[in-house]
Amino acid sequence: MQDTRTDLKLLEGGVLKEAEETIKADHVGNNPETDSDSATALQLFLDRIPINNSIPGIKNSPVVELKTGDTVKDAIEFLYTKNAFGAPIVDVLDPEIPLTRFPDRYIGFLDFATLVLWSLQVGELAKSFLWNPFFPVRLEDTLFHVLLLISKHRIQVVPVVEQSNLKVTGFVTQNAVIQLLLQSDGLTWFDSIAEKPLSEFRFENESVSFVYGDESIADALHVLFKSQTGAVAVINRQTRMLIGSVRNGDVYLLMENDKIFRDRKVVTVEEFIRIETSDRDPDPTIERDMGALLSAGVLQLRNKYRPRMDSPVTNKKTDTLKEAMKNVARTKSDFCFQVDDSQHLLGILTLRDIILQFSPPSMNSNIDGGGFFETALELTGCQIKGGTLVCDH
């Protein structure tokens, strides 16, 4: 693993603050040429945070590839053997046809959990199986591009393509984006959004899918497949309290234990969430406090950083968005459940829900920006009215 401690220090004290100072100089200084450019007004801050400098752990996770000719069975076995969360799908073309753009090489991205869950849903295969779209970025692109892709498309990771050979060399995960956004802690634009309580936000996933602890693993997997949120809460039927969760990242355990796989229609979910081994020592090459560098650990199928199934990550509605962000960042979780004082389930907050609050508005005719950019626009004398960007210049 590459040594990137120096890069992280530069990020914390340099890249983000330099971006903020630049946009202040451009806009607070009443630069009419810059102010008149609405796209620049929106992009200026995050468009000055390059991926290659701000997320040094991009290439820490080895990249494997699937081919369009692979069978589902082969793909599952391949990803399991390689300990890979997922892989881009290479379109097998005529070798005589030259590749001129990276979209020509890849047609999508498949993750292990989706393959297994799809295989288990007999009778629904033809209607439900779709791989994730392939929307890559280049190393020279910025955080603005990553936020735009994650907010506009339901993708778990953003592939990073090397321009020289048109191949995927790494990934930007949603976890890494959260870690990077938290580096803005203390900056006016970030705090004006992040310090609001969760109760003031309207998130996409207002309702949360759940199963009772006495239901079967098969029931939980079916709900997990249908929900498309990546996690299903586990509730005690008597107390209605949250006792755990089953996530996409836990599906590999079915292949680790043949007996559980065979008896998945009999074994209860409560039994399943307590079977994880206690051997969860972290990879010595990755430190827990290295922030965005944990992209490597997140993309491993056997992710030792993931919280135990019977120890769900939670927040209360009175907590701020920043507190929730720090919670998921600290626990390396893909989500947190919102609960009341009695641990009764109220909702779920995914990483994408969080990222959407800082996402840029669409550059198309329908502009609908996140709160972060609305605040940024106000500071530059602009605002969104009826889907149109209006500047007071």
# chains A, B, ... in the order shown; residues from 1 in each chain; ligands from 1
>>> select_by_dssp(residues="region 72-266 of chain A", states="strand (DSSP E or B)", output="VMD selection string")
chain A and resid 84 86 to 90 106 to 111 132 137 to 138 142 157 to 162 167 to 173 197 210 to 212 216 231 to 235 241 to 247
>>> atom_distance(atom1="CA of Ser359 (chain A)", atom2="CA of Asn327 (chain A)")
20.2 Å
>>> closest_residue(among="A:Asn175, A:Thr331, A:Ser245, A:Gln338", to="Met309 (chain A)", atoms="only C-alpha atoms")
A:Ser245
>>> residues_around(residues="Leu181 (chain A)", least_positions_apart="4", cutoff="9 Å", atoms="only C-alpha atoms", output="PyMOL selection string")
chain A and resi 176-177+185+190+355+358
>>> write_last_selection(atoms="N, CA and C atoms", output="PDB file, in the first residue's frame")
ATOM      1  N   ALA A 176     -15.445   7.056   0.756  1.00  0.00           N
ATOM      2  CA  ALA A 176     -14.336   7.990   0.554  1.00  0.00           C
ATOM      3  C   ALA A 176     -14.850   9.408   0.357  1.00  0.00           C
ATOM      4  N   VAL A 177     -15.981   9.551  -0.335  1.00  0.00           N
ATOM      5  CA  VAL A 177     -16.561  10.881  -0.548  1.00  0.00           C
ATOM      6  C   VAL A 177     -16.998  11.495   0.781  1.00  0.00           C
ATOM      7  N   ASP A 185     -15.103  20.226   7.421  1.00  0.00           N
ATOM      8  CA  ASP A 185     -15.640  20.582   8.735  1.00  0.00           C
ATOM      9  C   ASP A 185     -15.016  21.900   9.206  1.00  0.00           C
ATOM     10  N   PHE A 190     -19.994  24.233   4.375  1.00  0.00           N
ATOM     11  CA  PHE A 190     -20.243  22.877   4.854  1.00  0.00           C
ATOM     12  C   PHE A 190     -21.071  22.911   6.145  1.00  0.00           C
ATOM     13  N   ILE A 355     -24.797  12.310   0.661  1.00  0.00           N
ATOM     14  CA  ILE A 355     -24.092  12.956  -0.453  1.00  0.00           C
ATOM     15  C   ILE A 355     -25.030  13.861  -1.239  1.00  0.00           C
ATOM     16  N   PHE A 358     -25.157  17.547  -0.540  1.00  0.00           N
ATOM     17  CA  PHE A 358     -24.039  18.376  -0.989  1.00  0.00           C
ATOM     18  C   PHE A 358     -23.857  18.328  -2.498  1.00  0.00           C
TER      19      PHE A 358
END
>>> select_by_dssp(residues="region 114-245 of chain A", states="alpha helix (DSSP H)", output="ChimeraX atom specification")
/A:114-120,125-128,143-152,174-182,188-194,217-227
>>> write_last_selection(atoms="C-alpha atoms", output="PDB file, in the first residue's frame")
ATOM      1  CA  THR A 114     -26.502  -8.559  -6.551  1.00  0.00           C
ATOM      2  CA  LEU A 115     -25.411 -11.689  -8.407  1.00  0.00           C
ATOM      3  CA  VAL A 116     -26.157 -13.987  -5.462  1.00  0.00           C
ATOM      4  CA  LEU A 117     -29.458 -12.356  -4.525  1.00  0.00           C
ATOM      5  CA  TRP A 118     -30.602 -12.398  -8.138  1.00  0.00           C
ATOM      6  CA  SER A 119     -29.755 -16.094  -8.406  1.00  0.00           C
ATOM      7  CA  LEU A 120     -31.834 -16.902  -5.320  1.00  0.00           C
ATOM      8  CA  LEU A 125     -34.999 -13.368 -12.887  1.00  0.00           C
ATOM      9  CA  ALA A 126     -36.099 -12.134 -16.289  1.00  0.00           C
ATOM     10  CA  LYS A 127     -37.727  -9.003 -14.902  1.00  0.00           C
ATOM     11  CA  SER A 128     -35.222  -7.931 -12.304  1.00  0.00           C
ATOM     12  CA  LEU A 143     -14.779  15.918  -6.652  1.00  0.00           C
ATOM     13  CA  PHE A 144     -17.505  17.864  -8.464  1.00  0.00           C
ATOM     14  CA  HIS A 145     -17.641  15.146 -11.155  1.00  0.00           C
ATOM     15  CA  VAL A 146     -17.861  12.392  -8.534  1.00  0.00           C
ATOM     16  CA  LEU A 147     -20.676  14.123  -6.629  1.00  0.00           C
ATOM     17  CA  LEU A 148     -22.558  14.712  -9.854  1.00  0.00           C
ATOM     18  CA  LEU A 149     -22.366  11.034 -10.858  1.00  0.00           C
ATOM     19  CA  ILE A 150     -23.337   9.635  -7.438  1.00  0.00           C
ATOM     20  CA  SER A 151     -26.208  12.075  -7.014  1.00  0.00           C
ATOM     21  CA  LYS A 152     -27.678  11.585 -10.489  1.00  0.00           C
ATOM     22  CA  GLN A 174     -19.212   6.656  -1.305  1.00  0.00           C
ATOM     23  CA  ASN A 175     -17.340   6.135   1.975  1.00  0.00           C
ATOM     24  CA  ALA A 176     -14.336   7.990   0.554  1.00  0.00           C
ATOM     25  CA  VAL A 177     -16.561  10.881  -0.548  1.00  0.00           C
ATOM     26  CA  ILE A 178     -18.022  11.181   2.968  1.00  0.00           C
ATOM     27  CA  GLN A 179     -14.514  11.171   4.439  1.00  0.00           C
ATOM     28  CA  LEU A 180     -13.470  13.882   2.011  1.00  0.00           C
ATOM     29  CA  LEU A 181     -16.518  16.043   2.670  1.00  0.00           C
ATOM     30  CA  LEU A 182     -15.767  15.855   6.387  1.00  0.00           C
ATOM     31  CA  THR A 188     -18.918  28.017   6.335  1.00  0.00           C
ATOM     32  CA  TRP A 189     -20.614  26.335   3.398  1.00  0.00           C
ATOM     33  CA  PHE A 190     -20.243  22.877   4.854  1.00  0.00           C
ATOM     34  CA  ASP A 191     -21.311  23.737   8.401  1.00  0.00           C
ATOM     35  CA  SER A 192     -24.379  25.686   7.255  1.00  0.00           C
ATOM     36  CA  ILE A 193     -25.794  22.387   6.001  1.00  0.00           C
ATOM     37  CA  ALA A 194     -24.081  19.763   8.137  1.00  0.00           C
ATOM     38  CA  ILE A 217     -32.780 -15.915   6.377  1.00  0.00           C
ATOM     39  CA  ALA A 218     -34.527 -16.566   3.066  1.00  0.00           C
ATOM     40  CA  ASP A 219     -37.219 -14.032   4.009  1.00  0.00           C
ATOM     41  CA  ALA A 220     -34.568 -11.439   4.845  1.00  0.00           C
ATOM     42  CA  LEU A 221     -32.686 -12.031   1.588  1.00  0.00           C
ATOM     43  CA  HIS A 222     -35.886 -11.610  -0.411  1.00  0.00           C
ATOM     44  CA  VAL A 223     -36.647  -8.288   1.304  1.00  0.00           C
ATOM     45  CA  LEU A 224     -33.018  -7.222   0.812  1.00  0.00           C
ATOM     46  CA  PHE A 225     -33.257  -7.953  -2.901  1.00  0.00           C
ATOM     47  CA  LYS A 226     -36.550  -6.088  -3.295  1.00  0.00           C
ATOM     48  CA  SER A 227     -35.638  -3.043  -1.215  1.00  0.00           C
TER      49      SER A 227
END
>>> residues_around(residues="Val339 (chain A)", least_positions_apart="5", cutoff="8 Å", atoms="only C-alpha atoms", output="ChimeraX atom specification")
/A:314-317,344-347
>>> residues_around(residues="Asp91 (chain A)", least_positions_apart="2", cutoff="7 Å", atoms="only C-alpha atoms", output="PyMOL selection string")
chain A and resi 67-68+89+93+105-107
>>> closest_residue(among="A:Leu299, A:Val269, A:Leu198, A:Ala231", to="Val63 (chain A)", atoms="only C-alpha atoms")
A:Leu299
>>> residues_around(residues="region 265-267 of chain A", least_positions_apart="3", cutoff="9 Å", atoms="only C-alpha atoms", output="list in words")
Asp214, Glu215, Ser216, Ile217, Ala218, Asp219, Ile260, Phe261, Arg262, Glu270, Glu271 and Phe272 of chain A
>>> write_last_selection(atoms="N, CA, C and O atoms", output="PDB file, in the first residue's frame")
ATOM      1  N   ASP A 214     -37.506 -13.514  14.151  1.00  0.00           N
ATOM      2  CA  ASP A 214     -37.918 -14.915  14.081  1.00  0.00           C
ATOM      3  C   ASP A 214     -38.261 -15.363  12.662  1.00  0.00           C
ATOM      4  O   ASP A 214     -38.651 -16.513  12.443  1.00  0.00           O
ATOM      5  N   GLU A 215     -38.119 -14.474  11.686  1.00  0.00           N
ATOM      6  CA  GLU A 215     -38.304 -14.872  10.291  1.00  0.00           C
ATOM      7  C   GLU A 215     -37.032 -15.532   9.774  1.00  0.00           C
ATOM      8  O   GLU A 215     -35.959 -15.437  10.390  1.00  0.00           O
ATOM      9  N   SER A 216     -37.127 -16.175   8.623  1.00  0.00           N
ATOM     10  CA  SER A 216     -35.994 -16.944   8.108  1.00  0.00           C
ATOM     11  C   SER A 216     -34.995 -16.065   7.352  1.00  0.00           C
ATOM     12  O   SER A 216     -35.315 -14.946   6.945  1.00  0.00           O
ATOM     13  N   ILE A 217     -33.796 -16.607   7.174  1.00  0.00           N
ATOM     14  CA  ILE A 217     -32.780 -15.915   6.377  1.00  0.00           C
ATOM     15  C   ILE A 217     -33.300 -15.689   4.970  1.00  0.00           C
ATOM     16  O   ILE A 217     -33.084 -14.634   4.372  1.00  0.00           O
ATOM     17  N   ALA A 218     -33.981 -16.683   4.425  1.00  0.00           N
ATOM     18  CA  ALA A 218     -34.527 -16.566   3.066  1.00  0.00           C
ATOM     19  C   ALA A 218     -35.486 -15.387   2.967  1.00  0.00           C
ATOM     20  O   ALA A 218     -35.487 -14.660   1.963  1.00  0.00           O
ATOM     21  N   ASP A 219     -36.305 -15.175   3.999  1.00  0.00           N
ATOM     22  CA  ASP A 219     -37.219 -14.032   4.009  1.00  0.00           C
ATOM     23  C   ASP A 219     -36.431 -12.720   3.981  1.00  0.00           C
ATOM     24  O   ASP A 219     -36.773 -11.787   3.242  1.00  0.00           O
ATOM     25  N   ILE A 260     -25.699 -23.186   6.605  1.00  0.00           N
ATOM     26  CA  ILE A 260     -26.607 -22.043   6.647  1.00  0.00           C
ATOM     27  C   ILE A 260     -27.255 -21.829   5.286  1.00  0.00           C
ATOM     28  O   ILE A 260     -28.448 -21.518   5.195  1.00  0.00           O
ATOM     29  N   PHE A 261     -26.486 -22.020   4.224  1.00  0.00           N
ATOM     30  CA  PHE A 261     -27.053 -21.847   2.882  1.00  0.00           C
ATOM     31  C   PHE A 261     -28.159 -22.870   2.632  1.00  0.00           C
ATOM     32  O   PHE A 261     -29.234 -22.518   2.135  1.00  0.00           O
ATOM     33  N   ARG A 262     -27.913 -24.112   2.990  1.00  0.00           N
ATOM     34  CA  ARG A 262     -28.912 -25.165   2.775  1.00  0.00           C
ATOM     35  C   ARG A 262     -30.155 -24.936   3.642  1.00  0.00           C
ATOM     36  O   ARG A 262     -31.282 -25.200   3.209  1.00  0.00           O
ATOM     37  N   GLU A 270     -32.349 -13.798  13.397  1.00  0.00           N
ATOM     38  CA  GLU A 270     -31.657 -13.479  14.653  1.00  0.00           C
ATOM     39  C   GLU A 270     -30.484 -14.417  14.883  1.00  0.00           C
ATOM     40  O   GLU A 270     -29.429 -14.003  15.379  1.00  0.00           O
ATOM     41  N   GLU A 271     -30.644 -15.670  14.518  1.00  0.00           N
ATOM     42  CA  GLU A 271     -29.523 -16.612  14.614  1.00  0.00           C
ATOM     43  C   GLU A 271     -28.417 -16.226  13.635  1.00  0.00           C
ATOM     44  O   GLU A 271     -27.225 -16.274  13.966  1.00  0.00           O
ATOM     45  N   PHE A 272     -28.815 -15.817  12.444  1.00  0.00           N
ATOM     46  CA  PHE A 272     -27.850 -15.476  11.395  1.00  0.00           C
ATOM     47  C   PHE A 272     -26.995 -14.270  11.772  1.00  0.00           C
ATOM     48  O   PHE A 272     -25.773 -14.267  11.563  1.00  0.00           O
TER      49      PHE A 272
END
>>> closest_residue(among="A:Asn132, A:Thr350, A:Asn53, A:Thr173", to="Phe203 (chain A)", atoms="only C-alpha atoms")
A:Thr350
